[in-house]
$ cat query26.cif   # mmCIF, C-alpha atoms
data_target
#
loop_
_atom_site.label_atom_id
_atom_site.label_comp_id
_atom_site.auth_asym_id
_atom_site.auth_seq_id
_atom_site.Cartn_x
_atom_site.Cartn_y
_atom_site.Cartn_z
CA MET A 285 -54.25 31.82 26.57
CA GLU A 286 -54.07 35.42 25.51
CA ALA A 287 -55.60 34.83 22.09
CA CYS A 288 -58.60 32.84 23.32
CA ILE A 289 -61.92 34.58 22.73
CA PHE A 290 -63.62 32.88 25.67
CA CYS A 291 -60.75 33.76 28.01
CA LYS A 292 -61.23 37.37 26.93
CA ILE A 293 -64.96 37.09 27.56
CA VAL A 294 -64.28 35.62 31.01
CA LYS A 295 -61.95 38.53 31.79
CA GLY A 296 -64.51 41.03 30.50
CA GLU A 297 -62.25 42.19 27.67
CA ILE A 298 -64.84 41.15 25.10
CA PRO A 299 -68.50 41.81 25.86
CA CYS A 300 -71.06 39.04 26.15
CA GLU A 301 -74.67 38.59 27.11
CA LYS A 302 -73.77 36.92 30.41
CA ILE A 303 -76.61 35.20 32.20
CA TYR A 304 -74.80 33.32 34.98
CA GLU A 305 -71.54 33.34 36.86
CA ASP A 306 -70.09 31.51 39.82
CA GLU A 307 -66.64 30.71 41.11
CA ASP A 308 -65.88 28.23 38.35
CA VAL A 309 -67.94 29.02 35.25
CA ILE A 310 -69.84 31.67 33.38
CA SER A 311 -72.81 31.33 31.06
CA PHE A 312 -73.73 33.63 28.22
CA LEU A 313 -75.90 33.57 25.14
CA ASP A 314 -74.51 32.16 21.93
CA ILE A 315 -74.40 34.93 19.33
CA GLY A 316 -75.44 32.52 16.61
CA PRO A 317 -78.20 30.61 18.43
CA VAL A 318 -79.60 27.36 17.13
CA SER A 319 -82.75 28.39 18.96
CA LYS A 320 -83.36 31.59 20.84
CA GLY A 321 -82.08 31.38 24.37
CA HIS A 322 -79.28 29.00 23.32
CA ALA A 323 -76.60 29.52 25.96
CA LEU A 324 -73.03 28.46 26.55
CA VAL A 325 -71.55 27.36 29.85
CA VAL A 326 -67.83 28.10 29.87
CA THR A 327 -65.14 27.34 32.44
CA LYS A 328 -63.30 30.38 33.75
CA GLU A 329 -59.98 28.61 33.50
CA HIS A 330 -58.83 27.69 30.03
CA TYR A 331 -59.14 24.02 29.10
CA GLU A 332 -59.43 22.86 25.55
CA THR A 333 -61.93 19.99 25.78
CA LEU A 334 -63.91 18.04 28.33
CA LEU A 335 -60.98 15.65 28.62
CA ASP A 336 -58.79 18.44 29.95
CA VAL A 337 -61.22 19.59 32.62
CA PRO A 338 -60.19 18.58 36.15
CA GLU A 339 -62.63 16.46 38.13
CA LYS A 340 -63.44 19.24 40.54
CA LEU A 341 -65.02 21.25 37.75
CA GLU A 342 -67.24 18.53 36.32
CA LYS A 343 -69.95 19.07 38.89
CA ALA A 344 -69.66 22.83 38.51
CA ILE A 345 -70.25 22.59 34.76
CA LEU A 346 -73.28 20.32 34.99
CA ASN A 347 -74.74 22.30 37.88
CA ALA A 348 -74.54 25.45 35.81
CA VAL A 349 -76.00 23.68 32.77
CA LYS A 350 -78.97 22.58 34.85
CA LYS A 351 -79.49 26.03 36.28
CA VAL A 352 -79.42 27.55 32.81
CA ALA A 353 -81.76 24.90 31.42
CA ARG A 354 -84.22 25.47 34.25
CA ALA A 355 -84.12 29.19 33.63
CA GLN A 356 -84.64 28.71 29.89
CA SER A 357 -87.64 26.55 30.61
CA SER A 358 -89.08 29.11 33.00
CA VAL A 359 -88.62 31.96 30.54
CA LEU A 360 -89.18 30.29 27.19
CA GLY A 361 -91.62 27.54 28.07
CA ASN A 362 -89.61 25.07 26.03
CA ASP A 363 -90.45 21.42 26.44
CA GLY A 364 -86.93 20.04 26.35
CA PHE A 365 -83.30 20.87 25.70
CA ASN A 366 -80.08 19.51 24.31
CA VAL A 367 -76.74 19.70 26.06
CA LEU A 368 -73.87 19.35 23.66
CA PHE A 369 -70.13 19.41 24.12
CA ASN A 370 -68.21 19.51 20.83
CA ASN A 371 -64.68 18.41 21.48
CA LYS A 372 -62.07 19.35 18.88
CA LYS A 373 -62.53 20.95 15.50
CA VAL A 374 -63.63 17.80 13.70
CA ALA A 375 -66.53 17.56 16.16
CA GLY A 376 -67.64 21.11 15.44
CA GLN A 377 -65.79 22.87 18.26
CA VAL A 378 -65.23 26.39 16.97
CA VAL A 379 -63.60 27.95 20.04
CA PRO A 380 -60.97 25.66 21.59
CA HIS A 381 -62.02 26.44 25.18
CA VAL A 382 -64.36 23.88 26.71
CA HIS A 383 -68.04 24.83 26.68
CA ALA A 384 -71.47 23.25 26.87
CA HIS A 385 -74.21 24.32 24.50
CA VAL A 386 -77.58 24.43 26.24
CA ILE A 387 -80.21 24.52 23.53
CA PRO A 388 -83.91 24.97 24.29
CA ARG A 389 -86.19 22.78 22.20
CA LYS A 390 -89.84 22.84 21.30
CA ALA A 391 -92.03 20.51 19.27
CA ASN A 392 -91.67 20.99 15.53
CA ASP A 393 -88.92 23.56 15.93
CA GLY A 394 -87.25 22.32 12.78
CA ILE A 395 -83.92 21.71 14.51
CA ARG A 396 -82.16 18.62 13.32
CA PHE A 397 -78.70 19.53 14.54
CA GLU A 398 -77.61 20.96 11.26
CA TRP A 399 -76.19 23.95 13.13
CA ILE A 400 -77.70 26.67 11.07
CA PRO A 401 -77.09 29.76 13.19
CA ARG A 402 -79.88 32.27 13.50
CA LYS A 403 -79.68 35.87 14.61
CA TYR A 404 -81.41 38.09 17.18
CA PRO A 405 -82.88 41.20 15.58
CA GLY A 406 -82.13 44.53 17.29
CA ASP A 407 -81.95 44.40 21.08
CA GLU A 408 -83.82 41.13 21.38
CA MET A 409 -80.75 39.29 22.53
CA LYS A 410 -80.40 41.62 25.48
CA GLU A 411 -84.06 41.10 26.34
CA TYR A 412 -83.60 37.36 26.41
CA GLY A 413 -80.60 37.92 28.65
CA ASN A 414 -82.55 40.16 30.99
CA ASN A 415 -85.40 37.67 31.25
CA LEU A 416 -83.11 34.75 31.85
CA ARG A 417 -81.07 36.57 34.51
CA LYS A 418 -84.18 36.87 36.62
CA PHE A 419 -84.14 33.16 37.16
CA LEU A 420 -80.42 32.76 37.70
CA MET B 47 -89.70 1.79 36.25
CA GLU B 48 -90.56 -1.71 35.16
CA ALA B 49 -91.22 -0.78 31.53
CA CYS B 50 -87.99 1.19 31.02
CA ILE B 51 -85.66 -0.41 28.49
CA PHE B 52 -82.54 1.07 30.06
CA CYS B 53 -83.58 -0.10 33.53
CA LYS B 54 -83.90 -3.58 32.06
CA ILE B 55 -80.48 -3.25 30.47
CA VAL B 56 -79.01 -2.11 33.79
CA LYS B 57 -80.57 -5.13 35.51
CA GLY B 58 -79.28 -7.45 32.78
CA GLU B 59 -82.78 -8.40 31.65
CA ILE B 60 -82.08 -7.08 28.16
CA PRO B 61 -78.65 -7.71 26.64
CA CYS B 62 -76.32 -4.89 25.64
CA GLU B 63 -72.80 -4.45 24.42
CA LYS B 64 -71.60 -3.09 27.76
CA ILE B 65 -68.19 -1.44 27.74
CA TYR B 66 -68.04 0.11 31.22
CA GLU B 67 -69.64 -0.17 34.62
CA ASP B 68 -69.10 1.35 38.01
CA GLU B 69 -71.19 1.94 41.12
CA ASP B 70 -73.31 4.63 39.52
CA VAL B 71 -73.41 4.18 35.74
CA ILE B 72 -72.99 1.76 32.89
CA SER B 73 -71.86 2.39 29.34
CA PHE B 74 -72.79 0.38 26.30
CA LEU B 75 -72.76 0.78 22.53
CA ASP B 76 -75.69 2.42 20.85
CA ILE B 77 -77.36 -0.10 18.57
CA GLY B 78 -77.98 2.58 15.97
CA PRO B 79 -74.63 4.38 16.03
CA VAL B 80 -74.13 7.77 14.48
CA SER B 81 -70.53 6.67 14.06
CA LYS B 82 -69.06 3.33 14.94
CA GLY B 83 -68.08 3.21 18.60
CA HIS B 84 -70.90 5.58 19.54
CA ALA B 85 -71.62 4.74 23.18
CA LEU B 86 -74.18 5.65 25.79
CA VAL B 87 -73.48 6.41 29.44
CA VAL B 88 -76.55 5.57 31.52
CA THR B 89 -77.27 6.02 35.22
CA LYS B 90 -78.11 2.82 37.07
CA GLU B 91 -80.93 4.52 38.90
CA HIS B 92 -83.83 5.72 36.81
CA TYR B 93 -83.99 9.47 36.21
CA GLU B 94 -85.76 10.94 33.24
CA THR B 95 -83.50 13.84 32.26
CA LEU B 96 -80.36 15.61 33.38
CA LEU B 97 -82.53 17.89 35.50
CA ASP B 98 -83.65 14.94 37.60
CA VAL B 99 -80.15 13.61 38.28
CA PRO B 100 -78.95 14.28 41.85
CA GLU B 101 -75.76 16.28 42.27
CA LYS B 102 -73.81 13.32 43.54
CA LEU B 103 -74.16 11.59 40.15
CA GLU B 104 -73.08 14.50 37.96
CA LYS B 105 -69.40 13.82 38.47
CA ALA B 106 -69.95 10.09 37.98
CA ILE B 107 -71.60 10.68 34.61
CA LEU B 108 -68.92 13.01 33.27
CA ASN B 109 -66.12 10.82 34.61
CA ALA B 110 -67.56 7.86 32.75
CA VAL B 111 -68.05 9.95 29.61
CA LYS B 112 -64.40 10.94 29.71
CA LYS B 113 -63.24 7.38 30.26
CA VAL B 114 -65.33 6.18 27.33
CA ALA B 115 -64.13 9.02 25.10
CA ARG B 116 -60.51 8.26 25.93
CA ALA B 117 -61.06 4.60 25.16
CA GLN B 118 -62.74 5.44 21.86
CA SER B 119 -59.80 7.61 20.93
CA SER B 120 -57.32 4.87 21.82
CA VAL B 121 -59.20 2.26 19.81
CA LEU B 122 -60.59 4.24 16.91
CA GLY B 123 -58.02 6.96 16.50
CA ASN B 124 -60.77 9.54 16.21
CA ASP B 125 -59.74 13.18 16.38
CA GLY B 126 -62.65 14.44 18.46
CA PHE B 127 -66.03 13.57 19.91
CA ASN B 128 -69.43 14.95 20.73
CA VAL B 129 -71.16 14.52 24.07
CA LEU B 130 -74.90 14.99 23.77
CA PHE B 131 -77.70 14.80 26.27
CA ASN B 132 -81.15 14.93 24.68
CA ASN B 133 -83.65 15.90 27.32
CA LYS B 134 -87.30 15.13 26.61
CA LYS B 135 -88.91 13.83 23.45
CA VAL B 136 -88.92 17.17 21.62
CA ALA B 137 -85.16 17.25 21.99
CA GLY B 138 -84.74 13.81 20.46
CA GLN B 139 -84.70 11.76 23.67
CA VAL B 140 -85.99 8.36 22.62
CA VAL B 141 -85.63 6.49 25.91
CA PRO B 142 -86.83 8.55 28.88
CA HIS B 143 -83.94 7.48 31.13
CA VAL B 144 -81.07 9.96 31.29
CA HIS B 145 -78.10 9.10 29.07
CA ALA B 146 -75.13 10.76 27.43
CA HIS B 147 -74.27 9.99 23.82
CA VAL B 148 -70.51 9.82 23.31
CA ILE B 149 -69.90 10.05 19.58
CA PRO B 150 -66.44 9.62 18.05
CA ARG B 151 -65.70 12.04 15.23
CA LYS B 152 -63.24 12.19 12.41
CA ALA B 153 -62.53 14.76 9.72
CA ASN B 154 -64.97 14.62 6.82
CA ASP B 155 -67.06 11.93 8.48
CA GLY B 156 -70.19 13.39 6.98
CA ILE B 157 -71.93 13.76 10.35
CA ARG B 158 -73.97 16.88 10.67
CA PHE B 159 -76.16 15.76 13.52
CA GLU B 160 -78.93 14.59 11.32
CA TRP B 161 -79.15 11.42 13.40
CA ILE B 162 -79.16 8.92 10.62
CA PRO B 163 -78.50 5.67 12.44
CA ARG B 164 -76.10 3.22 10.88
CA LYS B 165 -75.71 -0.47 11.60
CA TYR B 166 -72.88 -2.84 12.50
CA PRO B 167 -72.65 -5.76 10.08
CA GLY B 168 -72.37 -9.26 11.60
CA ASP B 169 -70.38 -9.45 14.82
CA GLU B 170 -68.57 -6.18 14.29
CA MET B 171 -70.41 -4.53 17.14
CA LYS B 172 -69.09 -7.11 19.56
CA GLU B 173 -65.59 -6.58 18.21
CA TYR B 174 -65.81 -2.89 18.87
CA GLY B 175 -67.03 -3.72 22.34
CA ASN B 176 -64.17 -6.10 22.94
CA ASN B 177 -61.60 -3.58 21.77
CA LEU B 178 -63.06 -0.79 23.83
CA ARG B 179 -63.29 -2.88 26.99
CA LYS B 180 -59.54 -3.31 26.92
CA PHE B 181 -59.16 0.33 27.73
CA LEU B 182 -61.93 0.59 30.32
#
$ encode --input "query26.cif" --output "structure tokens"
Amino acid sequence: MEACIFCKIVKGEIPCEKIYEDEDVISFLDIGPVSKGHALVVTKEHYETLLDVPEKLEKAILNAVKKVARAQSSVLGNDGFNVLFNNKKVAGQVVPHVHAHVIPRKANDGIRFEWIPRKYPGDEMKEYGNNLRKFL
Amino acid sequence: MEACIFCKIVKGEIPCEKIYEDEDVISFLDIGPVSKGHALVVTKEHYETLLDVPEKLEKAILNAVKKVARAQSSVLGNDGFNVLFNNKKVAGQVVPHVHAHVIPRKANDGIRFEWIPRKYPGDEMKEYGNNLRKFL
């Protein structure tokens, strides 16, 4: 999948704010976060949707999601989180390479899953990355 | 967890439109579906959130999610689906017993994750259940 953005990120050909990596997956911050700290967990191998992921990777994905969520909670003090897999374009999947959104949530954060992307000012994204890496 | 609605559903003390069951999980239709066919995958044992689920159940949950999604696709002809875990009340978790929402999606279905529950008229919910069970 030479044209796939996430494959390029996995290979290091496109930079990302990576916060976790193991044999099977990587995790990095979403550049248009629904809430700050919003991370993606992405398989290293290219699969389009959850339905294409082989069984052996299912545990790897959820294990990484949990690690990331725990780290978010430690760093951000959020009280909850959403884990969302959008499968196929009609479901809001923008990059056709399977990924889990891990979205930190707080009371009255105004998020109603309308997917309005926010931005990190300046180097703040890197700071979030640095803080999160300490727990991963 | 005697007061837990999902524990009661698992035990059969509260009825549900069950579409799948194995050793570890059950799946049934959400009574307030975001889209028709919207199902939940629920662990038989009580755990509050994804973070509380033991590793051995992670694969079981995603396997069931995939089975349900495939069945939805076969029955409904949907072009995609969302898989969503809401963890804790601030993240929209209504029943504090871990569950995955499996939400069929179609082009221009108007869903923007605003969580406006719809209803099945008459026995239509049962019909959806019957159709889905054929593939599970």
$ resolve_selection --input "query26.cif" --expression "the PyMOL selection byres ((chain B) within 8 of (chain A))" --output "PyMOL selection string"
chain B and resi 96-97+101+104-105+108-109+112+116+125-137+151-154+158-161
$ atom_distance --input "query26.cif" --atom1 "atom CA of A:Glu332" --atom2 "atom CA of A:Val378"
10.9 Å
$ residues_around --input "query26.cif" --residues "B:Glu67" --least-positions-apart "3" --cutoff "10 Å" --atoms "all atoms listed in the file" --output "VMD selection string"
chain B and resid 56 64 70 to 74 87 to 90 110 182
$ calpha_fit_and_write --input "query26.cif" --fixed "chain B" --moving "chain A" --output "CSV table (one decimal) with C-alpha atoms, in the frame of the given file"
chain,number,residue,atom,x,y,z
A,285,MET,CA,-89.7,1.8,36.2
A,286,GLU,CA,-90.5,-1.7,35.1
A,287,ALA,CA,-91.2,-0.8,31.5
A,288,CYS,CA,-88.0,1.2,31.0
A,289,ILE,CA,-85.6,-0.4,28.5
A,290,PHE,CA,-82.5,1.1,30.1
A,291,CYS,CA,-83.6,-0.1,33.5
A,292,LYS,CA,-83.9,-3.6,32.0
A,293,ILE,CA,-80.5,-3.3,30.5
A,294,VAL,CA,-79.0,-2.1,33.8
A,295,LYS,CA,-80.6,-5.1,35.5
A,296,GLY,CA,-79.3,-7.5,32.8
A,297,GLU,CA,-82.8,-8.4,31.6
A,298,ILE,CA,-82.1,-7.1,28.2
A,299,PRO,CA,-78.7,-7.7,26.6
A,300,CYS,CA,-76.3,-4.9,25.7
A,301,GLU,CA,-72.8,-4.4,24.4
A,302,LYS,CA,-71.6,-3.1,27.8
A,303,ILE,CA,-68.2,-1.5,27.8
A,304,TYR,CA,-68.0,0.1,31.2
A,305,GLU,CA,-69.7,-0.2,34.6
A,306,ASP,CA,-69.1,1.4,38.0
A,307,GLU,CA,-71.2,1.9,41.1
A,308,ASP,CA,-73.3,4.6,39.5
A,309,VAL,CA,-73.4,4.2,35.8
A,310,ILE,CA,-73.0,1.8,32.9
A,311,SER,CA,-71.9,2.4,29.3
A,312,PHE,CA,-72.8,0.4,26.3
A,313,LEU,CA,-72.8,0.8,22.6
A,314,ASP,CA,-75.7,2.4,20.8
A,315,ILE,CA,-77.4,-0.1,18.5
A,316,GLY,CA,-78.0,2.6,15.9
A,317,PRO,CA,-74.6,4.4,16.0
A,318,VAL,CA,-74.1,7.8,14.5
A,319,SER,CA,-70.5,6.7,14.1
A,320,LYS,CA,-69.0,3.3,15.0
A,321,GLY,CA,-68.1,3.2,18.6
A,322,HIS,CA,-70.9,5.6,19.5
A,323,ALA,CA,-71.6,4.8,23.2
A,324,LEU,CA,-74.2,5.7,25.8
A,325,VAL,CA,-73.5,6.4,29.4
A,326,VAL,CA,-76.5,5.6,31.5
A,327,THR,CA,-77.3,6.0,35.2
A,328,LYS,CA,-78.1,2.8,37.1
A,329,GLU,CA,-80.9,4.5,38.9
A,330,HIS,CA,-83.8,5.7,36.8
A,331,TYR,CA,-84.0,9.5,36.2
A,332,GLU,CA,-85.8,10.9,33.2
A,333,THR,CA,-83.5,13.8,32.3
A,334,LEU,CA,-80.4,15.6,33.4
A,335,LEU,CA,-82.5,17.9,35.5
A,336,ASP,CA,-83.6,14.9,37.6
A,337,VAL,CA,-80.2,13.6,38.3
A,338,PRO,CA,-79.0,14.3,41.8
A,339,GLU,CA,-75.8,16.3,42.3
A,340,LYS,CA,-73.8,13.3,43.5
A,341,LEU,CA,-74.2,11.6,40.2
A,342,GLU,CA,-73.1,14.5,38.0
A,343,LYS,CA,-69.4,13.8,38.5
A,344,ALA,CA,-70.0,10.1,38.0
A,345,ILE,CA,-71.6,10.7,34.6
A,346,LEU,CA,-68.9,13.0,33.3
A,347,ASN,CA,-66.1,10.8,34.6
A,348,ALA,CA,-67.6,7.9,32.8
A,349,VAL,CA,-68.1,9.9,29.6
A,350,LYS,CA,-64.4,10.9,29.7
A,351,LYS,CA,-63.3,7.4,30.3
A,352,VAL,CA,-65.3,6.2,27.3
A,353,ALA,CA,-64.1,9.0,25.1
A,354,ARG,CA,-60.5,8.3,26.0
A,355,ALA,CA,-61.1,4.6,25.2
A,356,GLN,CA,-62.8,5.4,21.9
A,357,SER,CA,-59.8,7.6,20.9
A,358,SER,CA,-57.3,4.9,21.8
A,359,VAL,CA,-59.2,2.3,19.8
A,360,LEU,CA,-60.6,4.2,16.9
A,361,GLY,CA,-58.0,7.0,16.5
A,362,ASN,CA,-60.8,9.5,16.2
A,363,ASP,CA,-59.7,13.2,16.4
A,364,GLY,CA,-62.7,14.4,18.4
A,365,PHE,CA,-66.0,13.6,19.9
A,366,ASN,CA,-69.4,15.0,20.7
A,367,VAL,CA,-71.2,14.5,24.1
A,368,LEU,CA,-74.9,15.0,23.8
A,369,PHE,CA,-77.7,14.8,26.3
A,370,ASN,CA,-81.1,14.9,24.7
A,371,ASN,CA,-83.6,15.9,27.3
A,372,LYS,CA,-87.3,15.1,26.6
A,373,LYS,CA,-88.9,13.8,23.4
A,374,VAL,CA,-88.9,17.1,21.6
A,375,ALA,CA,-85.1,17.2,22.0
A,376,GLY,CA,-84.7,13.8,20.5
A,377,GLN,CA,-84.7,11.8,23.7
A,378,VAL,CA,-86.0,8.3,22.6
A,379,VAL,CA,-85.6,6.5,25.9
A,380,PRO,CA,-86.8,8.5,28.9
A,381,HIS,CA,-83.9,7.5,31.1
A,382,VAL,CA,-81.1,10.0,31.3
A,383,HIS,CA,-78.1,9.1,29.1
A,384,ALA,CA,-75.1,10.8,27.4
A,385,HIS,CA,-74.3,10.0,23.8
A,386,VAL,CA,-70.5,9.8,23.3
A,387,ILE,CA,-69.9,10.1,19.6
A,388,PRO,CA,-66.4,9.6,18.1
A,389,ARG,CA,-65.7,12.1,15.2
A,390,LYS,CA,-63.2,12.2,12.4
A,391,ALA,CA,-62.5,14.8,9.7
A,392,ASN,CA,-65.0,14.6,6.8
A,393,ASP,CA,-67.1,11.9,8.5
A,394,GLY,CA,-70.2,13.4,7.0
A,395,ILE,CA,-71.9,13.8,10.4
A,396,ARG,CA,-74.0,16.9,10.7
A,397,PHE,CA,-76.1,15.8,13.6
A,398,GLU,CA,-78.9,14.6,11.4
A,399,TRP,CA,-79.1,11.4,13.4
A,400,ILE,CA,-79.1,8.9,10.7
A,401,PRO,CA,-78.5,5.7,12.5
A,402,ARG,CA,-76.1,3.2,10.9
A,403,LYS,CA,-75.7,-0.5,11.6
A,404,TYR,CA,-72.9,-2.9,12.5
A,405,PRO,CA,-72.7,-5.8,10.1
A,406,GLY,CA,-72.4,-9.3,11.6
A,407,ASP,CA,-70.4,-9.5,14.8
A,408,GLU,CA,-68.6,-6.2,14.3
A,409,MET,CA,-70.4,-4.6,17.1
A,410,LYS,CA,-69.1,-7.1,19.5
A,411,GLU,CA,-65.6,-6.6,18.2
A,412,TYR,CA,-65.8,-2.9,18.9
A,413,GLY,CA,-67.0,-3.7,22.3
A,414,ASN,CA,-64.2,-6.1,22.9
A,415,ASN,CA,-61.6,-3.6,21.8
A,416,LEU,CA,-63.1,-0.8,23.8
A,417,ARG,CA,-63.3,-2.9,27.0
A,418,LYS,CA,-59.5,-3.3,26.9
A,419,PHE,CA,-59.1,0.3,27.7
A,420,LEU,CA,-61.9,0.6,30.3
$ resolve_selection --input "query26.cif" --expression "the PyMOL selection byres ((chain A and resi 289) around 12)" --output "list in words"
Met285, Glu286, Ala287, Cys288, Phe290, Cys291, Lys292, Ile293, Val294, Lys295, Gly296, Glu297, Ile298, Pro299, Cys300, Val326, Lys328, His330, Val378, Val379, Pro380, His381 and Val382 of chain A
$ write_last_selection --input "query26.cif" --atoms "C-alpha atoms" --output "PDB file, keeping the file's coordinate frame"
ATOM      1  CA  MET A 285     -54.250  31.820  26.570  1.00  0.00           C
ATOM      2  CA  GLU A 286     -54.070  35.420  25.510  1.00  0.00           C
ATOM      3  CA  ALA A 287     -55.600  34.830  22.090  1.00  0.00           C
ATOM      4  CA  CYS A 288     -58.600  32.840  23.320  1.00  0.00           C
ATOM      5  CA  PHE A 290     -63.620  32.880  25.670  1.00  0.00           C
ATOM      6  CA  CYS A 291     -60.750  33.760  28.010  1.00  0.00           C
ATOM      7  CA  LYS A 292     -61.230  37.370  26.930  1.00  0.00           C
ATOM      8  CA  ILE A 293     -64.960  37.090  27.560  1.00  0.00           C
ATOM      9  CA  VAL A 294     -64.280  35.620  31.010  1.00  0.00           C
ATOM     10  CA  LYS A 295     -61.950  38.530  31.790  1.00  0.00           C
ATOM     11  CA  GLY A 296     -64.510  41.030  30.500  1.00  0.00           C
ATOM     12  CA  GLU A 297     -62.250  42.190  27.670  1.00  0.00           C
ATOM     13  CA  ILE A 298     -64.840  41.150  25.100  1.00  0.00           C
ATOM     14  CA  PRO A 299     -68.500  41.810  25.860  1.00  0.00           C
ATOM     15  CA  CYS A 300     -71.060  39.040  26.150  1.00  0.00           C
ATOM     16  CA  VAL A 326     -67.830  28.100  29.870  1.00  0.00           C
ATOM     17  CA  LYS A 328     -63.300  30.380  33.750  1.00  0.00           C
ATOM     18  CA  HIS A 330     -58.830  27.690  30.030  1.00  0.00           C
ATOM     19  CA  VAL A 378     -65.230  26.390  16.970  1.00  0.00           C
ATOM     20  CA  VAL A 379     -63.600  27.950  20.040  1.00  0.00           C
ATOM     21  CA  PRO A 380     -60.970  25.660  21.590  1.00  0.00           C
ATOM     22  CA  HIS A 381     -62.020  26.440  25.180  1.00  0.00           C
ATOM     23  CA  VAL A 382     -64.360  23.880  26.710  1.00  0.00           C
TER      24      VAL A 382
END
$ decode --input "query26.cif" --residues "stretch 342-361 of chain A" --atoms "N, CA and C atoms" --output "mmCIF file, in the first residue's frame"
data_model
loop_
_atom_site.group_PDB
_atom_site.id
_atom_site.type_symbol
_atom_site.label_atom_id
_atom_site.label_comp_id
_atom_site.auth_asym_id
_atom_site.auth_seq_id
_atom_site.Cartn_x
_atom_site.Cartn_y
_atom_site.Cartn_z
ATOM 1 N N GLU A 342 -6.149 -8.855 17.135
ATOM 2 C CA GLU A 342 -7.268 -8.241 17.872
ATOM 3 C C GLU A 342 -6.854 -7.882 19.297
ATOM 4 N N LYS A 343 -6.188 -8.832 19.938
ATOM 5 C CA LYS A 343 -5.730 -8.598 21.304
ATOM 6 C C LYS A 343 -4.688 -7.479 21.332
ATOM 7 N N ALA A 344 -3.826 -7.490 20.336
ATOM 8 C CA ALA A 344 -2.776 -6.460 20.279
ATOM 9 C C ALA A 344 -3.385 -5.063 20.181
ATOM 10 N N ILE A 345 -4.425 -4.933 19.383
ATOM 11 C CA ILE A 345 -5.068 -3.624 19.216
ATOM 12 C C ILE A 345 -5.709 -3.175 20.532
ATOM 13 N N LEU A 346 -6.502 -4.049 21.132
ATOM 14 C CA LEU A 346 -7.186 -3.633 22.371
ATOM 15 C C LEU A 346 -6.202 -3.438 23.527
ATOM 16 N N ASN A 347 -5.151 -4.231 23.556
ATOM 17 C CA ASN A 347 -4.137 -4.015 24.594
ATOM 18 C C ASN A 347 -3.509 -2.631 24.466
ATOM 19 N N ALA A 348 -3.217 -2.252 23.247
ATOM 20 C CA ALA A 348 -2.611 -0.939 23.019
ATOM 21 C C ALA A 348 -3.608 0.166 23.349
ATOM 22 N N VAL A 349 -4.847 -0.018 22.958
ATOM 23 C CA VAL A 349 -5.896 0.968 23.279
ATOM 24 C C VAL A 349 -5.961 1.182 24.789
ATOM 25 N N LYS A 350 -5.931 0.108 25.532
ATOM 26 C CA LYS A 350 -6.028 0.214 26.991
ATOM 27 C C LYS A 350 -4.799 0.914 27.584
ATOM 28 N N LYS A 351 -3.653 0.570 27.038
ATOM 29 C CA LYS A 351 -2.434 1.245 27.515
ATOM 30 C C LYS A 351 -2.515 2.742 27.267
ATOM 31 N N VAL A 352 -2.923 3.100 26.070
ATOM 32 C CA VAL A 352 -3.043 4.517 25.709
ATOM 33 C C VAL A 352 -4.081 5.206 26.589
ATOM 34 N N ALA A 353 -5.207 4.555 26.796
ATOM 35 C CA ALA A 353 -6.272 5.160 27.612
ATOM 36 C C ALA A 353 -5.802 5.360 29.052
ATOM 37 N N ARG A 354 -5.062 4.381 29.554
ATOM 38 C CA ARG A 354 -4.542 4.527 30.924
ATOM 39 C C ARG A 354 -3.560 5.687 31.000
ATOM 40 N N ALA A 355 -2.740 5.792 29.975
ATOM 41 C CA ALA A 355 -1.773 6.900 29.967
ATOM 42 C C ALA A 355 -2.482 8.239 29.860
ATOM 43 N N GLN A 356 -3.471 8.323 29.004
ATOM 44 C CA GLN A 356 -4.254 9.567 28.886
ATOM 45 C C GLN A 356 -4.830 9.946 30.248
ATOM 46 N N SER A 357 -5.390 8.983 30.912
ATOM 47 C CA SER A 357 -6.002 9.253 32.206
ATOM 48 C C SER A 357 -4.964 9.745 33.213
ATOM 49 N N SER A 358 -3.803 9.116 33.185
ATOM 50 C CA SER A 358 -2.742 9.531 34.112
ATOM 51 C C SER A 358 -2.291 10.952 33.836
ATOM 52 N N VAL A 359 -2.181 11.291 32.555
ATOM 53 C CA VAL A 359 -1.652 12.607 32.179
ATOM 54 C C VAL A 359 -2.740 13.690 32.241
ATOM 55 N N LEU A 360 -3.898 13.364 31.708
ATOM 56 C CA LEU A 360 -4.917 14.391 31.492
ATOM 57 C C LEU A 360 -5.952 14.452 32.614
ATOM 58 N N GLY A 361 -6.013 13.410 33.412
ATOM 59 C CA GLY A 361 -7.015 13.387 34.475
ATOM 60 C C GLY A 361 -8.435 13.289 33.951
#
